[in-house]
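Here's the structure, in structure tokens; my notes come after.
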Amino acid sequence: MPCGTCRGAGVSSWFHEAWHLWRKPLDRLHLLEERLERTVRATVDGLLLAFGVIGAVLGAMNAMSIFSLTGLSRGLAAVPEMLREFWEFQGNGMLVFWLSVLTDLYVFYRFEQTRLVRAPIPAALPTSVETPAGSFPGLLHERLVEVSDSYLRPTMMIVEQAFAYASRRHHATLEPEHLLAVIGHNPDAALVLLRLGVTGQPVQERLRTVLGRIAVGAGEPTLSGATRAVLIRAYELAQAAKLLQVTPPHLLEALAKEPSPAQEILFDLNADEERVHNVVLWALMQRRLFHAWSKLRLRALNKPKSGMDRAMTAQATPVLDHFSTDLTQQARRGHLPLVVNRERELDDTFRVVESGRHNVILVGDKGVGTTSVLQAVAERMAAEEVPEVLKDKRLVQLSIPALISGAGGDLERRLQEIIVEIVKAGNIVLAVEDIHELVGVSSLSGQAFDLASILGKVLENRAFVAFATTTPDGYRRYVEPSALFTAFEKVEVREMTSAVAIHVLESKASPVEARHEVFFSYGAIEQIVKLSVRYIHDRYLPEKALTLLEEVASFTKAAKGRRAIVTAEDAAAVVSRRMNINVASVTQSEAVKLLNLEDRMHERMVGQDQAIAAVANALRRSRAELRDPKRPVAIFLFLGPTGVGKTELAKTVAEVYFGNEENMIRLDMSEYQDPASLSRLLGVAPGYAPAGGGGGYLTEAARTNPFSLILLDELEKAHPDILNVFLQVFDDGRLTDAAGRTIDFTNTIIIATSNAGTDVIQQRMKEGQAIEEIREELMERELGRYFRPEFLNRFDDIIVFKPLSPEEIESITARLLKKIAGQLEERGISLRASPAAVKELAAAGFDPVFGARPLRRVLQERVDNALATFLLTGKLSRRDVAVLEGGGVIRVEHGPML
Amino acid sequence: MAAERAQSSIVVKATRFVLRDLLFDVARWPLWWYSTGTVNAARFLRQELVAVTDRLSIPILFRNLLKPMYGDYSRSGRIISVIMRLIVFVFRALGLALWTVFLVAAFLVWLLVIPAVAYQLILQLG
């Protein structure tokens, strides 16, 4: 709050039960003074050190002369005597030597002092206390904190540079904008700015504008209230981050928190409070991770290099070694990747081990990080930061493929040998990835014991400690019915949230950056996680995001070259290309496209205004992310007679929404009239599949191309059981195929067409009823004969297509003729049609039952065929004009001869 | 006027700086040496001893004194391993003792170095 009474401090803030303020004066005199002080201090240190060196040289010379006199002949026995002589030695510069020892000790003290934090920020109070009523009590208040005392030197340098910058420009006040202008000189803050994408031209331009608005004054710049607020806020932020001093990144974060033009610039460049906070956390996390990692490394050095334990009780394990890798050794050498955010799983795992239940099975989907948990266990074991049972032991990972391959009939014996070795060695903790692969494996057919039961029996007796991993599916299907079930205690590894995944990506970004020589902005990391969650449904976090991270890095390097900054747009571009869809954020040009959806559809379609409007509205809703993300993008039922444009509209939607009308999965539902055809849709269970695979038509198509339009033609003809399958798709956006895979439909648009109630539509149209009324009638009566009400309720919209009017048929005819003209144009021939000819063709091409469908055939017969004959007989050549006239006559106007 | 005031303030401040930061600091140094400094040195001594004990696996060796080495549970194996472990234990304990002596000596040097140098200075001057 601003205060009038705090003389010069200007602004103070009450938090953590104290008044915080910035009283340190900032003017040229003070800055000069401080610089002088620092110089004097450095000079004193230098002089003292130089003196120390001179003294040491003198002392060494004297020691040498004593040694050559007494020590040379008598060897080690003379050491005490030599020391005594040195002690009693006088003159010859010894005064200087002893003085220099004293100064050396003093210099040591001085260096120790500089390592101390002068005014460490106290720990934050758990609860924030209300601001006391009234204004600032004055400088005599007992709880005053001078925040500048806790500023780290580089942070203080930013403030001083800002002052110098402001005074160079003769500004009357020192504003937060000045801080923003110079904060990039600090490497830590520059890193944060870079990650935020706040760099280069856009910042400079904006800074120039806001700096130009600051009043020019005669004297030196004074600290403005806004700047004081920023400086105090930086202290508060450092306190919240549990730091002892205010670092440059926190000053930057404070700029984003306190209202000022500097904050506006940051917000303008998409660096809002939350993003700045997250990037500052990222920078902080990298430092902390590195410290934690170095500590582990250091402690791991005590671990023996060989397979032997430190108690020397172990035995050699040649067979096991042949089929396994030693994870603790890898951890000791620093070969395992850094594991972050696995504290919960590690705690659970160690708790099981400590409670004496010994064996842990980590259950999680592929990619959620079961392997990472194993690696984290290995890291902790190498540093011996584990429960007593695991101390001084090796974590050895058995490779099931290596064990099984080439074993012939010896599989069981091989495993037995390994088990015996482990038991005898006594210092081995076994790790088995994908342990469900052991179930049912045995070299002798008809054998009652498979490998899983052999291992299960041993583990049940608690012969040694074992860790295993499996998937939820593997656990349910293979582990639960096997002997392994009772041997292991289950620890679930769940998929992490997006926020945690962002942390994981941040921690793994550095090696990827080094490898590809690019630099990730925070926006890119955020976008990668967001897009992988939205568009990759068959894999899990963090693995799917990490794969994408790698891909985005190599893509950006290829596209922009070395040392490029990866932006959110780059991430979107990679996903777009991989998924063959448009995922870029709704840009200006795309917004225009979306707003003009109707126009774009009308370019391809004639009539059906209401249908187009309904579809366009639904698509806009979905693009603006107002839809339910757990259902398909949109589900429509198109009703109407044939040949009125239902399929054409579906194709148009595919083109507009998915970029290509080929992105369409078309199912003729009349082929699914009996329940047995279900297997064609969903595939057959493994084991029953015919040669060449048993994938279902629908599920395979949707799995390989999840961004498509699914067109269900003549839906009313499908068997009710088949419709029930679609009920699930409409509801949950997913379907399980016969092989047990879950297929995602949340990125599809589903359009069903039906001729049900066509006669009613035509009848009511003739009677002149409104489309809305006809729709009501169909919903209430006609459709009920084919579909159950709950099925109909699942559609986002049921759209009635009206029969085409003669005028519409004519304009379709004209449009098709234009297409033919386009083909002729390539041969240099023009085609013209008289209104009478168009009318005639339209009348011939329209059928009360089939709508405009016969039109294409009519045009083929009456126009294409005739033109083909003309071309072949040479009656029509370049520069000629073919004119269609009434009565089916085609007249040729010859062009000028060359 | 202002320049004069600034000049005088610089003189005052320079004097204060020399008095406070240079002379006062020198006076405070022995105090620090025998308070915070000594505590730090003692802490370092303790940490170093614990680390070396751990590096030489002495507690582990002691706990497993009667446990046969290399999983050899035969009678002769047990006897040999007890003897072996005792020998190893004696050597490592000796190493630890030597290191401890060295560290304690270094700590004593810390305590005595200032009076010793002071004595020498008096001796050399006198």
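FYI, nothing fancy with the structure tokens labels: chains A, B, ... in order, residues from 1 per chain, ligands from 1 as they appear.
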
Shell around segment 60-70 of chain A at 7 Å using only C-alpha atoms, local window under 4 positions removed, as a ChimeraX atom specification: /A:56,82,86

Those residues with N, CA and C atoms, as a short mmCIF file (atom, residue, chain, number, x, y, z; two decimals), in the first residue's frame please?
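After the write, result_22.cif holds the following:
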data_model
loop_
_atom_site.label_atom_id
_atom_site.label_comp_id
_atom_site.auth_asym_id
_atom_site.auth_seq_id
_atom_site.Cartn_x
_atom_site.Cartn_y
_atom_site.Cartn_z
N ALA A 56 54.82 -17.24 2.42
CA ALA A 56 54.95 -18.68 2.22
C ALA A 56 56.28 -18.99 1.53
N MET A 82 63.56 -31.27 13.04
CA MET A 82 63.46 -30.21 12.05
C MET A 82 62.32 -29.26 12.38
N PHE A 86 62.64 -25.32 13.08
CA PHE A 86 61.86 -24.34 12.31
C PHE A 86 61.11 -23.42 13.26
#

Interface residues on chain A facing chain B, 7 Å, only C-alpha atoms, written as a VMD selection string: chain A and resid 90 to 91 95 98 102 106 109 302 310 to 315 424 to 425

Go ahead and write the residues just picked, N, CA and C atoms, as a PDB file, in the first residue's frame.
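Generated file (part_13.pdb):
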ATOM      1  N   GLN A  90      64.989 -17.953  13.956  1.00  0.00           N
ATOM      2  CA  GLN A  90      64.699 -16.521  14.065  1.00  0.00           C
ATOM      3  C   GLN A  90      65.339 -15.755  12.922  1.00  0.00           C
ATOM      4  N   GLY A  91      64.773 -14.579  12.666  1.00  0.00           N
ATOM      5  CA  GLY A  91      65.338 -13.689  11.657  1.00  0.00           C
ATOM      6  C   GLY A  91      65.133 -14.215  10.251  1.00  0.00           C
ATOM      7  N   LEU A  95      59.757 -13.270  10.487  1.00  0.00           N
ATOM      8  CA  LEU A  95      58.710 -12.389  10.990  1.00  0.00           C
ATOM      9  C   LEU A  95      57.621 -12.220   9.921  1.00  0.00           C
ATOM     10  N   TRP A  98      55.570 -15.495   9.597  1.00  0.00           N
ATOM     11  CA  TRP A  98      54.539 -15.710  10.623  1.00  0.00           C
ATOM     12  C   TRP A  98      53.407 -14.700  10.485  1.00  0.00           C
ATOM     13  N   LEU A 102      49.264 -15.410   9.693  1.00  0.00           N
ATOM     14  CA  LEU A 102      48.147 -14.720  10.346  1.00  0.00           C
ATOM     15  C   LEU A 102      47.188 -14.130   9.307  1.00  0.00           C
ATOM     16  N   TYR A 106      43.219 -14.849   8.329  1.00  0.00           N
ATOM     17  CA  TYR A 106      42.240 -13.768   8.235  1.00  0.00           C
ATOM     18  C   TYR A 106      41.514 -13.803   6.881  1.00  0.00           C
ATOM     19  N   TYR A 109      38.941 -16.384   6.873  1.00  0.00           N
ATOM     20  CA  TYR A 109      37.753 -15.886   7.583  1.00  0.00           C
ATOM     21  C   TYR A 109      36.913 -14.993   6.665  1.00  0.00           C
ATOM     22  N   ASN A 302      30.111 -45.364  -3.073  1.00  0.00           N
ATOM     23  CA  ASN A 302      30.465 -46.371  -2.067  1.00  0.00           C
ATOM     24  C   ASN A 302      30.030 -47.774  -2.463  1.00  0.00           C
ATOM     25  N   ARG A 310      28.984 -55.496   0.019  1.00  0.00           N
ATOM     26  CA  ARG A 310      30.047 -54.950   0.855  1.00  0.00           C
ATOM     27  C   ARG A 310      30.350 -55.857   2.033  1.00  0.00           C
ATOM     28  N   ALA A 311      29.392 -56.727   2.390  1.00  0.00           N
ATOM     29  CA  ALA A 311      29.638 -57.651   3.496  1.00  0.00           C
ATOM     30  C   ALA A 311      30.419 -58.873   3.015  1.00  0.00           C
ATOM     31  N   MET A 312      30.665 -58.974   1.731  1.00  0.00           N
ATOM     32  CA  MET A 312      31.416 -60.080   1.133  1.00  0.00           C
ATOM     33  C   MET A 312      30.759 -61.429   1.371  1.00  0.00           C
ATOM     34  N   THR A 313      29.443 -61.459   1.431  1.00  0.00           N
ATOM     35  CA  THR A 313      28.773 -62.731   1.669  1.00  0.00           C
ATOM     36  C   THR A 313      28.227 -63.322   0.378  1.00  0.00           C
ATOM     37  N   ALA A 314      28.216 -62.537  -0.685  1.00  0.00           N
ATOM     38  CA  ALA A 314      27.554 -62.982  -1.901  1.00  0.00           C
ATOM     39  C   ALA A 314      28.345 -64.063  -2.608  1.00  0.00           C
ATOM     40  N   GLN A 315      27.672 -64.675  -3.588  1.00  0.00           N
ATOM     41  CA  GLN A 315      28.328 -65.685  -4.409  1.00  0.00           C
ATOM     42  C   GLN A 315      28.223 -65.261  -5.857  1.00  0.00           C
ATOM     43  N   LYS A 424      21.310 -68.370  -3.067  1.00  0.00           N
ATOM     44  CA  LYS A 424      22.634 -68.546  -2.480  1.00  0.00           C
ATOM     45  C   LYS A 424      23.377 -67.224  -2.337  1.00  0.00           C
ATOM     46  N   ALA A 425      23.291 -66.392  -3.382  1.00  0.00           N
ATOM     47  CA  ALA A 425      24.025 -65.126  -3.346  1.00  0.00           C
ATOM     48  C   ALA A 425      23.513 -64.249  -2.216  1.00  0.00           C
TER      49      ALA A 425
END

Coordinates-based distance that separates atom CA of Thr349 of chain A from atom CA of Ala300 of chain A (Å, one decimal):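 For atom CA of Ala300 of chain A relative to atom CA of Thr349 of chain A, the distance reads 20.6 Å.
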
Spatial neighbours of segment 161-164 of chain A, max dist 9 Å, only C-alpha atoms, sep filter under 4 positions, as a list of chain:residue names: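 Here the answer would be A:Leu26, A:Asp27, A:Arg28, A:Met156, A:Met157, A:Arg168, A:Arg169, A:Leu174, A:Glu175, A:Pro176, A:Glu177, A:His178, A:Leu179, A:Leu180, A:Ala181, A:Val182, A:Ile183, A:Glu220, A:Pro221, A:Thr222, A:Leu223.
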
Two-atom distance - atom CA of Ser679 of chain A, atom CA of Lys630 of chain A (Å):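 Atom-to-atom, atom CA of Ser679 of chain A and atom CA of Lys630 of chain A are spaced 25.2 Å apart.
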
For Arg494 of chain A: contacts at 9 Å, only C-alpha atoms, fewer than 4 positions along chain excluded, given as an NGL selection string: :A and (363-365 or 368-369)

Separation of atom CA of Leu296 of chain A from atom CA of Ala376 of chain A in Å: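 Between these atoms lies a distance of 11.1 Å.
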
Alpha helix (DSSP H) per DSSP on the backbone: members of segment 189-276 of chain A, as a PyMOL selection string: chain A and resi 189-196+201-212+225-240+248-257+261-268+273-276
